[in-house]
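Working notes, beginning with the structure itself.
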Amino acid sequence: MPRPILATVHTASLRHNLDRVRRAAVDARVWAVVKANAYGHGIERVYEGLRGADGFALLDLAEAERVRALGWRGPVLLLEGVFDVRDLELCSRLDLWHTVHCDEQIDMLAAHKTLKPQRVFLKMNSGMNRLGFAPERFGSAWTRLNALPQVDEISLMTHFSDADGPRGIAHQLEVFERVTRDLPGERSIANSAATLRHASQTRGDWVRPGIVLYGSAPDFPQHDTAHWQLQPTMTLSTKLIGVQQLKAGDTIGYGSNFTADGPLTIGVAAVGYADGYPRHCNTGTPVLVNGVRTRMVGRVSMDMITVDLTPVPDAKFGTEVTLWGRSAVTGAVLPIDEVAQAAGTVGYELMCAVAPRVPFAPADE
């Protein structure tokens, strides 16, 4: 038998979360962001759940080819645009829309020989200070693009740095609206946090939800998934492969950094950092055993963790352990955000870090 660890993808939850975005952005079309292999879920695995979106947004040409191979004929957007002039040939062949964020990409378009003009999204650096044209150069970039026969329609976009926090979006939104006031073209400005937290201010033509589609709260811990009515789309589960009885003074695992202060039953679960479970999780990290909430104790090993079985005295070899997501036994949910917080990171990283050796399967829905 294979090792019992499994990552389960919940198609029904993907549909639910997409509907939640539509309810927040009632007048906008929705890009389903599937970069990073659909946040670690697998593009092919999420396609059925997200095909109700108006378009797919991603990073590279290989991902775009996979979306087209699945039969998608609607819009596909390259969020970082092209990296080489030769990429434009594939954009023409696959009918891809792409972001333009620098002079070099305009140069590539100017040199591209095509009979079919391309749809582009001109990006402004309104304060994120990663990609995009500075506000004072945005108008001239638009004028240059508009003069190219290789360019069809020009849409306008930016990206918020603080939509999930107290600073908010007002400082960037003011810049974007002032600079683009007299420019034609559809707008795309709202990421996950802006879509949920600032819907009344960011009603553009397109929203770009990413993490919310996958059941993680964009502003955790201020708000959790229950607050935003999101459902987990990935469950990482395994089983107990051993049970140990400890007495006071016994230690657990490498480094002996956990010492039992009295009699304690612990379970050994088949999961470790080689599976993508974060090594930085310490004693107290939440875990579900048979759907009952308990805690990890000791240090994460390459292939195993140890868990406190005090709340689940009947647990034994083969009992279900849920690292994040939904218990198949009780339906109880352990949000990935809580595990990520214990590891000093975010849910995005845990989703993307599930190791290739972990098998994936669709949920029975």
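Ordered as shown in the structure tokens, chains take letters A, B, and onward, while each chain numbers its residues from 1 and ligands are numbered from 1 in the order shown.
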With only C-alpha atoms as the counted atoms, please give the residues lying no more than 7 Å from A:Gly298, apart from itself and same-chain residues fewer than 2 positions off, as number ranges by chain.
A: 252-253, 257-258, 282-283, 296, 300, 306
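Residues in contact with A:Glu136 at up to 12 Å, not including ones fewer than 6 positions away on its chain and judged by only C-alpha atoms, are A:Met124, A:Asn125, A:Ser126, A:Trp142, A:Val175, A:Phe176, A:Arg178, A:Val179, A:Thr180.
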Do you know which residues are at most 9 Å from A:Thr294 counting only C-alpha atoms, after dropping those on the same chain fewer than 2 positions away, and could you put them as a list in words?
Gly284, Thr285, Pro286, Val287, Leu288, Val289, Val292, Met296, Val307, Asp308, Leu309, Thr310, Pro311 and Val312 of chain A
List every residue of stretch 214-270 of chain A that DSSP, applied to the backbone, labels as helix (DSSP H, G or I), and write the result as a ChimeraX atom specification.
/A:214,225-228,254-256
Mind the document's chain letters and residue numbers, and return as a ChimeraX atom specification the residues of stretch 95-272 of chain A that DSSP labels strand (DSSP E).
/A:97-100,118-123,151-157,187-190,206-207,234-246,264-269
Per residue of stretch 206-278 of chain A within 9 Å of stretch 148-164 of chain A, record the nearest atom pair and its distance in Å to one decimal, counting only C-alpha atoms, with rows in chain order and ascending residue number, as a tab-separated table.
residue	atom	partner	partner_atom	distance
A:Pro218	CA	A:Asp164	CA	6.3
A:Asp219	CA	A:Asp164	CA	4.9
A:Phe220	CA	A:Asp164	CA	8.5
Output as JSON lines one row per residue of stretch 192-270 of chain A within 7 Å of stretch 315-323 of chain A: the closest atom pair and its distance in Å to one decimal place, counting only C-alpha atoms, sorted by chain and residue number ascending.
{"residue": "A:Leu236", "atom": "CA", "partner": "A:Leu323", "partner_atom": "CA", "distance": 5.4}
{"residue": "A:Ser237", "atom": "CA", "partner": "A:Thr322", "partner_atom": "CA", "distance": 4.4}
{"residue": "A:Thr238", "atom": "CA", "partner": "A:Val321", "partner_atom": "CA", "distance": 5.1}
{"residue": "A:Lys239", "atom": "CA", "partner": "A:Glu320", "partner_atom": "CA", "distance": 4.6}
{"residue": "A:Leu240", "atom": "CA", "partner": "A:Gly318", "partner_atom": "CA", "distance": 5.1}
{"residue": "A:Ile241", "atom": "CA", "partner": "A:Phe317", "partner_atom": "CA", "distance": 5.2}
{"residue": "A:Gly242", "atom": "CA", "partner": "A:Phe317", "partner_atom": "CA", "distance": 5.6}
{"residue": "A:Val243", "atom": "CA", "partner": "A:Lys316", "partner_atom": "CA", "distance": 6.7}
Near A:Gly344, within 10 Å and counting only C-alpha atoms, which residues show up once chain neighbours fewer than 2 positions away are dropped, as a VMD selection string?
chain A and resid 278 280 to 281 338 to 342 346
I want to know what sits within 8 Å of A:Val67, based on only C-alpha atoms, with residues of the same chain fewer than 6 positions away left out; could you give that as a compact mmCIF listing (two decimals) with all heavy atoms, in the first residue's frame?
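Now in selection04.txt:
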# COMPACT_ATOMS: atom_id res chain seq x y z
N ILE A 43 -3.63 23.02 -12.28
CA ILE A 43 -4.57 23.68 -13.18
C ILE A 43 -5.64 22.72 -13.67
O ILE A 43 -6.84 23.05 -13.71
CB ILE A 43 -3.80 24.31 -14.37
CG1 ILE A 43 -3.01 25.53 -13.88
CG2 ILE A 43 -4.75 24.71 -15.50
CD1 ILE A 43 -2.10 26.14 -14.93
N GLU A 44 -5.24 21.52 -14.06
CA GLU A 44 -6.21 20.55 -14.56
C GLU A 44 -7.21 20.15 -13.48
O GLU A 44 -8.38 19.84 -13.79
CB GLU A 44 -5.48 19.31 -15.09
CG GLU A 44 -4.70 19.54 -16.38
CD GLU A 44 -3.38 20.27 -16.19
OE1 GLU A 44 -2.94 20.44 -15.02
OE2 GLU A 44 -2.78 20.69 -17.20
N PHE A 56 -9.09 33.28 -17.43
CA PHE A 56 -8.05 32.73 -16.57
C PHE A 56 -6.82 33.62 -16.67
O PHE A 56 -6.40 34.00 -17.77
CB PHE A 56 -7.69 31.30 -16.98
CG PHE A 56 -8.73 30.30 -16.59
CD1 PHE A 56 -9.76 29.95 -17.47
CD2 PHE A 56 -8.71 29.70 -15.34
CE1 PHE A 56 -10.73 29.03 -17.12
CE2 PHE A 56 -9.68 28.77 -14.97
CZ PHE A 56 -10.69 28.44 -15.86
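Near stretch 5-7 of chain A, within a cut-off of 9 Å and counting only C-alpha atoms, sit the residues His41, Met234, Thr235, Leu236, Ser237, Thr238, Lys239, Ala270, Val271, Asp275, Val354, Val358, Pro359, Phe360, Ala361 and Pro362 of chain A, with same-chain residues fewer than 4 positions away left out.
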Atom pair atom CA of A:Val333 + atom CA of A:Gly42, distance 21.6 Å
